[in-house]
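The structure under discussion appears below in the form of C-alpha cells.
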Amino acid sequence: MGQDQTKQQIEKGLQLYQSNQTEKALQVWMKVLEKGSDLVGRFRVLGCLVTAHSEMGRYKEMLKFAVVQIDTARELEDADFLLESYLNLARSNEKLCEFHKTISYCKTCLGLPGTRAGAQLGGQVSLSMGNAFLGLSLFQKALESFEKALRYAHNNDDTMLECRVCCSLGSFYAQVKDYEKALFFPCKAAELVNDYGKGWSLKYRAMSQYHMAVAYRLLGHLGSAMECCEESMKIALQHGDRPLQALCLLCFADIHRSRGDLELSQLKLHCLSEGIYRSKGLQRELRTHVVRFHECVEETELYCGLCGESIGEKNSRLQALPCSHIFHLRCLQNNGTRSCPNCRRSSMKPGFV
C-alpha cells in the first residue's frame, strides 16, 4: 500500500470514526498498519488507534499502539514525531494510573531539543503532567503544571486545550474542596464549547457537563447535577465512551445517595475514626490516627500557611498565588502582606487559577 492509498484509507477510517462506526474504522486502520509501507502513514494511523482506544477505555491496547508508535518515530528520526509519540505514551500511562511513568515521559517530551511541535504540544504535555501529579496528590506541582498548560493555551489561542485544562482544574478544586471554583472552571469549559466548539468532538461538551455535575452535587444543587450528568451520559452512550459512562454512573450513584440524605457517606474517614476512638477512650489509637492525619497534611502541603488549618476537610473559598501556594481567601484578605507567606515571593497578584 503506497503513500497516497495510505492517506485515503486513514481519511476513510476518520470519516467512519466520526460517524460512530468505530469498529469499522478500527478495521480500516488495522489493515493500513498491516499492509502499509509508508512510515509517515504508519505513524499517523498509530496515532488514530491510540486516540480511538483511549476513548473506548481500552487502555492496555492504547499503550501497545503507543509503544509501536515510539519505534516508528525512531525509524523516522524526526524530533516532532518523537515528541508526539512520547506524549501518547505519557497519556497511556496516565490512563492506566501509572503516574510516575507519566511524569517521566512528560519530562522526556520537555527535554527534546528544538521541535516545531513543541509550541503546539507543550501545553498538552503540561496538562498530562498536571493530571499525573493530581493523581499522586501532589497538589502544588499539579497546580503549577495546570498554570503552564493554561498559559500555553492563552498564548497560542488554543481554546480546545483551555477547555481540557479547565476540566482538570475542576477536578483539582473538587479534591481540595473549594466547590465554587470546582464549578467555575467546568462552566468556563462549557462556555468555550458553546462559543468555539462548533467543529469539535462532542466529547468536550460531555466532559465539561460531567465536571459540572460533580461540582453541583458537592454544592448540594442536586437537580442541576442530575441534568448535567444526564447530558454527559447521553453523549457518552452515543459515542461509546465507556470511561465517561462509568464516571457518570458513579456520579448518578452519588446524587441519589445525597438525595437519600445519607450524611455519613460524606464524612471523612479521619473524622469517623477520631470520633470512634474518642468515644471509646482509646487514647493511643486516637493519637496515632491524629498524627497520621497531620503527617498526610504535611506531605501533600494541604494546609493554609497563614492559619495552619488543613485544606480539604470542608467546603471553603481558596486562592492560589502565582507561586502555586494555596491559602484560605479570608486569610489572605485579612493578612495584608505583599508577599507569599510560604515562599516570600513579592507578588500577591492572583495567578490564572
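Each chain in the C-alpha cells gets a letter, A, B, ..., in the order shown, and its residues are numbered from 1; ligands are numbered from 1 in order too.
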
**Request:** Find the residues around A:Ile70 up to 7 Å (only C-alpha atoms counted), leave out those fewer than 3 positions away in its own chain, and share them as number ranges by chain.
**Result:** A: 66-67, 73-74, 82, 85-86

**Item:** Neighbour list for A:Asp4 as a list in words, cut-off 12 Å, only C-alpha atoms, skip fewer than 6 positions in-chain
**Value:**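 The filter keeps Ile10, Glu11, Val32, Gly36, Ser37, Asp38, Val40 and Gly41 of chain A.
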
**Item:** For A:Leu202, the nearest of the candidates A:Leu150, A:Ala90, A:His53, A:Gln18, counting only C-alpha atoms
**Value:** A:Gln18

**Prompt:** Between A:Glu34, A:Glu231, A:Asp195, A:Glu75, which is the closest to A:Thr159 once you count only C-alpha atoms?
**Reply:**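 Ranked by minimum distance to A:Thr159, first place goes to A:Asp195.
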
**Message:** Going by DSSP on the backbone, which residues of stretch 83-183 of chain A come out as alpha helix (DSSP H)? List them as a VMD selection string.
**Reply:** chain A and resid 83 to 95 99 to 111 118 to 135 139 to 155 159 to 175 179 to 183

Contact residues around stretch 134-143 of chain A with only C-alpha atoms at 12 Å, ignoring same-chain residues under 6 positions, as a PDB file with N, CA, C and O atoms, in the first residue's frame:
```pdb
ATOM      1  N   ASN A  93      -0.038   5.877  29.966  1.00  0.00           N
ATOM      2  CA  ASN A  93       0.288   5.537  31.346  1.00  0.00           C
ATOM      3  C   ASN A  93      -0.574   6.318  32.335  1.00  0.00           C
ATOM      4  O   ASN A  93      -0.913   5.814  33.407  1.00  0.00           O
ATOM      5  N   GLU A  94      -0.943   7.544  31.964  1.00  0.00           N
ATOM      6  CA  GLU A  94      -1.857   8.328  32.814  1.00  0.00           C
ATOM      7  C   GLU A  94      -3.196   7.615  32.951  1.00  0.00           C
ATOM      8  O   GLU A  94      -3.755   7.506  34.046  1.00  0.00           O
ATOM      9  N   LYS A  95      -3.722   7.101  31.813  1.00  0.00           N
ATOM     10  CA  LYS A  95      -4.999   6.391  31.849  1.00  0.00           C
ATOM     11  C   LYS A  95      -4.917   5.124  32.689  1.00  0.00           C
ATOM     12  O   LYS A  95      -5.900   4.711  33.311  1.00  0.00           O
ATOM     13  N   LEU A  96      -3.746   4.488  32.710  1.00  0.00           N
ATOM     14  CA  LEU A  96      -3.556   3.263  33.487  1.00  0.00           C
ATOM     15  C   LEU A  96      -3.137   3.552  34.928  1.00  0.00           C
ATOM     16  O   LEU A  96      -2.783   2.639  35.667  1.00  0.00           O
ATOM     17  N   CYS A  97      -3.156   4.852  35.296  1.00  0.00           N
ATOM     18  CA  CYS A  97      -2.797   5.306  36.650  1.00  0.00           C
ATOM     19  C   CYS A  97      -1.340   5.007  36.987  1.00  0.00           C
ATOM     20  O   CYS A  97      -0.982   4.870  38.174  1.00  0.00           O
ATOM     21  N   GLU A  98      -0.500   4.896  35.980  1.00  0.00           N
ATOM     22  CA  GLU A  98       0.956   4.764  36.184  1.00  0.00           C
ATOM     23  C   GLU A  98       1.528   6.175  36.190  1.00  0.00           C
ATOM     24  O   GLU A  98       2.213   6.601  35.260  1.00  0.00           O
ATOM     25  N   PHE A  99       1.250   6.904  37.270  1.00  0.00           N
ATOM     26  CA  PHE A  99       1.516   8.340  37.274  1.00  0.00           C
ATOM     27  C   PHE A  99       3.007   8.674  37.275  1.00  0.00           C
ATOM     28  O   PHE A  99       3.425   9.667  36.675  1.00  0.00           O
ATOM     29  N   HIS A 100       3.831   7.883  37.946  1.00  0.00           N
ATOM     30  CA  HIS A 100       5.271   8.151  37.938  1.00  0.00           C
ATOM     31  C   HIS A 100       5.843   8.000  36.518  1.00  0.00           C
ATOM     32  O   HIS A 100       6.690   8.797  36.097  1.00  0.00           O
ATOM     33  N   LYS A 101       5.374   6.991  35.788  1.00  0.00           N
ATOM     34  CA  LYS A 101       5.817   6.810  34.394  1.00  0.00           C
ATOM     35  C   LYS A 101       5.329   7.972  33.534  1.00  0.00           C
ATOM     36  O   LYS A 101       6.059   8.451  32.657  1.00  0.00           O
ATOM     37  N   THR A 102       4.093   8.414  33.777  1.00  0.00           N
ATOM     38  CA  THR A 102       3.553   9.560  33.027  1.00  0.00           C
ATOM     39  C   THR A 102       4.446  10.775  33.179  1.00  0.00           C
ATOM     40  O   THR A 102       4.805  11.432  32.193  1.00  0.00           O
ATOM     41  N   ILE A 103       4.825  11.066  34.410  1.00  0.00           N
ATOM     42  CA  ILE A 103       5.678  12.234  34.679  1.00  0.00           C
ATOM     43  C   ILE A 103       7.031  12.077  33.999  1.00  0.00           C
ATOM     44  O   ILE A 103       7.561  13.027  33.412  1.00  0.00           O
ATOM     45  N   SER A 126       2.162  19.590  29.596  1.00  0.00           N
ATOM     46  CA  SER A 126       1.965  20.143  30.942  1.00  0.00           C
ATOM     47  C   SER A 126       0.637  19.683  31.547  1.00  0.00           C
ATOM     48  O   SER A 126       0.566  19.398  32.741  1.00  0.00           O
ATOM     49  N   LEU A 127      -0.396  19.585  30.725  1.00  0.00           N
ATOM     50  CA  LEU A 127      -1.693  19.117  31.209  1.00  0.00           C
ATOM     51  C   LEU A 127      -1.616  17.670  31.677  1.00  0.00           C
ATOM     52  O   LEU A 127      -2.108  17.322  32.756  1.00  0.00           O
ATOM     53  N   SER A 128      -0.976  16.829  30.871  1.00  0.00           N
ATOM     54  CA  SER A 128      -0.847  15.417  31.251  1.00  0.00           C
ATOM     55  C   SER A 128      -0.031  15.266  32.527  1.00  0.00           C
ATOM     56  O   SER A 128      -0.362  14.466  33.416  1.00  0.00           O
ATOM     57  N   ALA A 149       0.020  24.895  31.406  1.00  0.00           N
ATOM     58  CA  ALA A 149      -0.835  24.477  30.297  1.00  0.00           C
ATOM     59  C   ALA A 149      -1.790  25.597  29.899  1.00  0.00           C
ATOM     60  O   ALA A 149      -2.043  25.832  28.707  1.00  0.00           O
ATOM     61  N   LEU A 150      -2.308  26.310  30.897  1.00  0.00           N
ATOM     62  CA  LEU A 150      -3.238  27.404  30.623  1.00  0.00           C
ATOM     63  C   LEU A 150      -2.527  28.559  29.910  1.00  0.00           C
ATOM     64  O   LEU A 150      -3.095  29.189  29.009  1.00  0.00           O
ATOM     65  N   VAL A 165      -7.992  21.935  30.175  1.00  0.00           N
ATOM     66  CA  VAL A 165      -7.347  22.373  31.414  1.00  0.00           C
ATOM     67  C   VAL A 165      -8.409  22.795  32.437  1.00  0.00           C
ATOM     68  O   VAL A 165      -8.298  22.469  33.627  1.00  0.00           O
ATOM     69  N   CYS A 166      -9.432  23.497  31.982  1.00  0.00           N
ATOM     70  CA  CYS A 166     -10.497  23.932  32.894  1.00  0.00           C
ATOM     71  C   CYS A 166     -11.184  22.742  33.546  1.00  0.00           C
ATOM     72  O   CYS A 166     -11.526  22.779  34.734  1.00  0.00           O
ATOM     73  N   SER A 168      -9.770  19.824  34.148  1.00  0.00           N
ATOM     74  CA  SER A 168      -8.831  19.278  35.136  1.00  0.00           C
ATOM     75  C   SER A 168      -8.780  20.153  36.385  1.00  0.00           C
ATOM     76  O   SER A 168      -8.675  19.640  37.506  1.00  0.00           O
ATOM     77  N   LEU A 169      -8.873  21.465  36.209  1.00  0.00           N
ATOM     78  CA  LEU A 169      -8.907  22.364  37.367  1.00  0.00           C
ATOM     79  C   LEU A 169     -10.184  22.156  38.183  1.00  0.00           C
ATOM     80  O   LEU A 169     -10.181  22.302  39.408  1.00  0.00           O
ATOM     81  N   GLY A 170     -11.271  21.803  37.498  1.00  0.00           N
ATOM     82  CA  GLY A 170     -12.486  21.457  38.216  1.00  0.00           C
ATOM     83  C   GLY A 170     -12.258  20.273  39.140  1.00  0.00           C
ATOM     84  O   GLY A 170     -12.676  20.276  40.306  1.00  0.00           O
ATOM     85  N   SER A 171     -11.555  19.250  38.645  1.00  0.00           N
ATOM     86  CA  SER A 171     -11.219  18.078  39.472  1.00  0.00           C
ATOM     87  C   SER A 171     -10.307  18.470  40.626  1.00  0.00           C
ATOM     88  O   SER A 171     -10.477  17.997  41.754  1.00  0.00           O
ATOM     89  N   PHE A 172      -9.338  19.332  40.336  1.00  0.00           N
ATOM     90  CA  PHE A 172      -8.392  19.771  41.365  1.00  0.00           C
ATOM     91  C   PHE A 172      -9.130  20.423  42.531  1.00  0.00           C
ATOM     92  O   PHE A 172      -8.937  20.049  43.696  1.00  0.00           O
ATOM     93  N   TYR A 173      -9.987  21.388  42.216  1.00  0.00           N
ATOM     94  CA  TYR A 173     -10.665  22.126  43.284  1.00  0.00           C
ATOM     95  C   TYR A 173     -11.741  21.294  43.970  1.00  0.00           C
ATOM     96  O   TYR A 173     -12.060  21.535  45.142  1.00  0.00           O
ATOM     97  N   ALA A 174     -12.291  20.311  43.273  1.00  0.00           N
ATOM     98  CA  ALA A 174     -13.212  19.387  43.943  1.00  0.00           C
ATOM     99  C   ALA A 174     -12.464  18.587  44.999  1.00  0.00           C
ATOM    100  O   ALA A 174     -12.990  18.336  46.094  1.00  0.00           O
ATOM    101  N   GLN A 175     -11.212  18.204  44.692  1.00  0.00           N
ATOM    102  CA  GLN A 175     -10.437  17.408  45.642  1.00  0.00           C
ATOM    103  C   GLN A 175     -10.005  18.224  46.858  1.00  0.00           C
ATOM    104  O   GLN A 175      -9.959  17.703  47.969  1.00  0.00           O
ATOM    105  N   VAL A 176      -9.673  19.501  46.644  1.00  0.00           N
ATOM    106  CA  VAL A 176      -9.256  20.327  47.784  1.00  0.00           C
ATOM    107  C   VAL A 176     -10.452  21.061  48.414  1.00  0.00           C
ATOM    108  O   VAL A 176     -10.280  21.877  49.312  1.00  0.00           O
ATOM    109  N   CYS A 296      -0.023  13.303  56.796  1.00  0.00           N
ATOM    110  CA  CYS A 296      -0.567  13.327  55.438  1.00  0.00           C
ATOM    111  C   CYS A 296      -0.765  14.761  54.966  1.00  0.00           C
ATOM    112  O   CYS A 296      -0.455  15.104  53.823  1.00  0.00           O
ATOM    113  N   VAL A 297      -1.281  15.617  55.844  1.00  0.00           N
ATOM    114  CA  VAL A 297      -1.482  17.036  55.509  1.00  0.00           C
ATOM    115  C   VAL A 297      -0.150  17.692  55.161  1.00  0.00           C
ATOM    116  O   VAL A 297      -0.033  18.452  54.193  1.00  0.00           O
ATOM    117  N   GLU A 298       0.905  17.385  55.955  1.00  0.00           N
ATOM    118  CA  GLU A 298       2.231  17.958  55.704  1.00  0.00           C
ATOM    119  C   GLU A 298       2.787  17.476  54.369  1.00  0.00           C
ATOM    120  O   GLU A 298       3.333  18.253  53.581  1.00  0.00           O
ATOM    121  N   GLU A 299       2.664  16.165  54.094  1.00  0.00           N
ATOM    122  CA  GLU A 299       3.228  15.600  52.868  1.00  0.00           C
ATOM    123  C   GLU A 299       2.582  16.197  51.622  1.00  0.00           C
ATOM    124  O   GLU A 299       3.254  16.456  50.622  1.00  0.00           O
ATOM    125  N   THR A 300       1.289  16.383  51.668  1.00  0.00           N
ATOM    126  CA  THR A 300       0.578  16.898  50.496  1.00  0.00           C
ATOM    127  C   THR A 300       0.513  18.423  50.471  1.00  0.00           C
ATOM    128  O   THR A 300      -0.020  19.000  49.526  1.00  0.00           O
ATOM    129  N   GLU A 301       1.051  19.071  51.509  1.00  0.00           N
ATOM    130  CA  GLU A 301       1.050  20.535  51.622  1.00  0.00           C
ATOM    131  C   GLU A 301      -0.368  21.095  51.576  1.00  0.00           C
ATOM    132  O   GLU A 301      -0.610  22.191  51.073  1.00  0.00           O
ATOM    133  N   LEU A 302      -1.313  20.328  52.102  1.00  0.00           N
ATOM    134  CA  LEU A 302      -2.713  20.764  52.099  1.00  0.00           C
ATOM    135  C   LEU A 302      -3.064  21.447  53.412  1.00  0.00           C
ATOM    136  O   LEU A 302      -3.845  20.935  54.212  1.00  0.00           O
ATOM    137  N   TYR A 303      -2.443  22.594  53.634  1.00  0.00           N
ATOM    138  CA  TYR A 303      -2.785  23.403  54.797  1.00  0.00           C
ATOM    139  C   TYR A 303      -2.567  24.864  54.441  1.00  0.00           C
ATOM    140  O   TYR A 303      -1.786  25.202  53.543  1.00  0.00           O
ATOM    141  N   ILE A 311      -6.511  22.045  54.551  1.00  0.00           N
ATOM    142  CA  ILE A 311      -7.393  22.337  53.428  1.00  0.00           C
ATOM    143  C   ILE A 311      -7.945  21.007  52.914  1.00  0.00           C
ATOM    144  O   ILE A 311      -7.218  20.039  52.780  1.00  0.00           O
ATOM    145  N   GLY A 312      -9.221  20.975  52.628  1.00  0.00           N
ATOM    146  CA  GLY A 312      -9.821  19.768  52.073  1.00  0.00           C
ATOM    147  C   GLY A 312     -10.750  19.051  53.022  1.00  0.00           C
ATOM    148  O   GLY A 312     -11.351  18.041  52.659  1.00  0.00           O
ATOM    149  N   GLN A 319      -7.559  30.545  47.486  1.00  0.00           N
ATOM    150  CA  GLN A 319      -6.898  31.378  46.489  1.00  0.00           C
ATOM    151  C   GLN A 319      -5.493  30.831  46.248  1.00  0.00           C
ATOM    152  O   GLN A 319      -4.727  30.650  47.191  1.00  0.00           O
ATOM    153  N   ALA A 320      -5.199  30.557  44.976  1.00  0.00           N
ATOM    154  CA  ALA A 320      -3.850  30.136  44.596  1.00  0.00           C
ATOM    155  C   ALA A 320      -3.069  31.360  44.130  1.00  0.00           C
ATOM    156  O   ALA A 320      -3.561  32.155  43.330  1.00  0.00           O
ATOM    157  N   LEU A 321      -1.837  31.514  44.634  1.00  0.00           N
ATOM    158  CA  LEU A 321      -0.962  32.608  44.214  1.00  0.00           C
ATOM    159  C   LEU A 321      -0.130  32.175  43.014  1.00  0.00           C
ATOM    160  O   LEU A 321      -0.081  30.996  42.676  1.00  0.00           O
ATOM    161  N   PRO A 322       0.552  33.119  42.334  1.00  0.00           N
ATOM    162  CA  PRO A 322       1.368  32.756  41.171  1.00  0.00           C
ATOM    163  C   PRO A 322       2.439  31.711  41.474  1.00  0.00           C
ATOM    164  O   PRO A 322       2.879  31.000  40.578  1.00  0.00           O
ATOM    165  N   CYS A 323       2.860  31.606  42.740  1.00  0.00           N
ATOM    166  CA  CYS A 323       3.862  30.599  43.119  1.00  0.00           C
ATOM    167  C   CYS A 323       3.213  29.235  43.346  1.00  0.00           C
ATOM    168  O   CYS A 323       3.904  28.271  43.684  1.00  0.00           O
ATOM    169  N   SER A 324       1.881  29.152  43.190  1.00  0.00           N
ATOM    170  CA  SER A 324       1.082  27.926  43.327  1.00  0.00           C
ATOM    171  C   SER A 324       0.883  27.474  44.766  1.00  0.00           C
ATOM    172  O   SER A 324       0.437  26.359  45.002  1.00  0.00           O
ATOM    173  N   HIS A 325       1.205  28.323  45.745  1.00  0.00           N
ATOM    174  CA  HIS A 325       0.818  28.028  47.124  1.00  0.00           C
ATOM    175  C   HIS A 325      -0.651  28.427  47.309  1.00  0.00           C
ATOM    176  O   HIS A 325      -1.121  29.404  46.732  1.00  0.00           O
ATOM    177  N   ILE A 326      -1.373  27.644  48.114  1.00  0.00           N
ATOM    178  CA  ILE A 326      -2.817  27.818  48.274  1.00  0.00           C
ATOM    179  C   ILE A 326      -3.130  28.254  49.700  1.00  0.00           C
ATOM    180  O   ILE A 326      -2.560  27.719  50.656  1.00  0.00           O
ATOM    181  N   PHE A 327      -4.040  29.228  49.827  1.00  0.00           N
ATOM    182  CA  PHE A 327      -4.443  29.745  51.136  1.00  0.00           C
ATOM    183  C   PHE A 327      -5.955  29.910  51.173  1.00  0.00           C
ATOM    184  O   PHE A 327      -6.614  29.950  50.131  1.00  0.00           O
ATOM    185  N   GLY A 351      -2.823  34.239  40.430  1.00  0.00           N
ATOM    186  CA  GLY A 351      -2.424  33.660  39.168  1.00  0.00           C
ATOM    187  C   GLY A 351      -3.638  33.354  38.307  1.00  0.00           C
ATOM    188  O   GLY A 351      -4.752  33.809  38.565  1.00  0.00           O
ATOM    189  N   PHE A 352      -3.442  32.563  37.261  1.00  0.00           N
ATOM    190  CA  PHE A 352      -4.532  32.195  36.372  1.00  0.00           C
ATOM    191  C   PHE A 352      -5.616  31.437  37.128  1.00  0.00           C
ATOM    192  O   PHE A 352      -6.774  31.515  36.827  1.00  0.00           O
ATOM    193  N   VAL A 353      -5.206  30.614  38.086  1.00  0.00           N
ATOM    194  CA  VAL A 353      -6.152  29.702  38.720  1.00  0.00           C
ATOM    195  C   VAL A 353      -6.343  30.009  40.181  1.00  0.00           C
ATOM    196  O   VAL A 353      -6.936  29.258  40.897  1.00  0.00           O
TER     197      VAL A 353
END
```

Extract, using only C-alpha atoms, all DNA, RNA and protein residues at most 9 Å from stretch 226-228 of chain A, discarding same-chain residues fewer than 5 positions from it, and format them as a CSV table (one decimal) with C-alpha atoms, in the first residue's frame.
```
chain,number,residue,atom,x,y,z
A,206,ALA,CA,-19.7,15.7,27.6
A,208,SER,CA,-17.5,19.8,30.8
A,209,GLN,CA,-21.0,18.6,31.7
A,210,TYR,CA,-19.7,15.7,33.8
A,211,HIS,CA,-17.4,18.0,35.8
A,212,MET,CA,-20.2,20.5,36.3
A,213,ALA,CA,-22.4,17.6,37.6
A,214,VAL,CA,-19.7,16.7,40.1
A,216,TYR,CA,-23.2,20.8,41.5
A,217,ARG,CA,-23.6,17.7,43.6
A,221,HIS,CA,-27.6,21.5,43.8
A,233,MET,CA,-24.2,10.2,29.8
A,251,CYS,CA,-21.9,10.4,39.8
A,252,PHE,CA,-25.6,9.2,39.5
A,255,ILE,CA,-26.5,12.1,43.5
```

**Message:** What does the structure give for the distance between atom CA of A:Asp71 and atom CA of A:Leu33, in Å to one decimal?
**Reply:** 13.6 Å

**Item:** atom CA of A:Ala153 to atom CA of A:Gly123, straight-line distance in Å
**Value:** 6.6 Å

**Request:** Show which residues sit within 8 Å of A:Arg242, as a list in words. Count only C-alpha atoms, and ignore same-chain residues fewer than 5 positions away.
**Result:**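 Returned residues: Glu55, Met56, Gly57, Ala236 and Leu237 of chain A.
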
Export of prior selection with N, CA, C and O atoms as a short mmCIF file (atom, residue, chain, number, x, y, z; two decimals), in the first residue's frame:
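Result file follows (out.cif):
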```cif
data_model
loop_
_atom_site.label_atom_id
_atom_site.label_comp_id
_atom_site.auth_asym_id
_atom_site.auth_seq_id
_atom_site.Cartn_x
_atom_site.Cartn_y
_atom_site.Cartn_z
N GLU A 55 -10.50 6.58 23.94
CA GLU A 55 -11.89 6.98 24.11
C GLU A 55 -12.80 5.77 24.35
O GLU A 55 -13.89 5.93 24.90
N MET A 56 -12.35 4.58 23.98
CA MET A 56 -13.14 3.37 24.22
C MET A 56 -12.81 2.74 25.57
O MET A 56 -13.44 1.77 25.97
N GLY A 57 -11.81 3.28 26.25
CA GLY A 57 -11.43 2.74 27.56
C GLY A 57 -10.55 1.51 27.48
O GLY A 57 -10.33 0.84 28.49
N ALA A 236 -21.94 10.24 26.03
CA ALA A 236 -21.03 9.11 26.23
C ALA A 236 -21.60 7.83 25.62
O ALA A 236 -20.88 7.04 25.01
N LEU A 237 -22.91 7.61 25.77
CA LEU A 237 -23.55 6.43 25.18
C LEU A 237 -23.56 6.51 23.66
O LEU A 237 -23.32 5.52 22.96
#
```

**Residue nearest A:Leu83 among A:Arg317, A:Lys35, A:Lys107, A:Lys177 (counting only C-alpha atoms)** =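 Of A:Arg317, A:Lys35, A:Lys107, A:Lys177, the one nearest A:Leu83 is A:Lys107, counting only C-alpha atoms.
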
**Message:** I'd like the contact shell of A:Gln27 - 12 Å cut-off, only C-alpha atoms, skipping same-chain residues fewer than 2 positions apart - returned as a VMD selection string.
**Reply:** chain A and resid 9 to 10 12 to 14 16 to 17 21 to 25 29 to 34 45 48 to 49 52
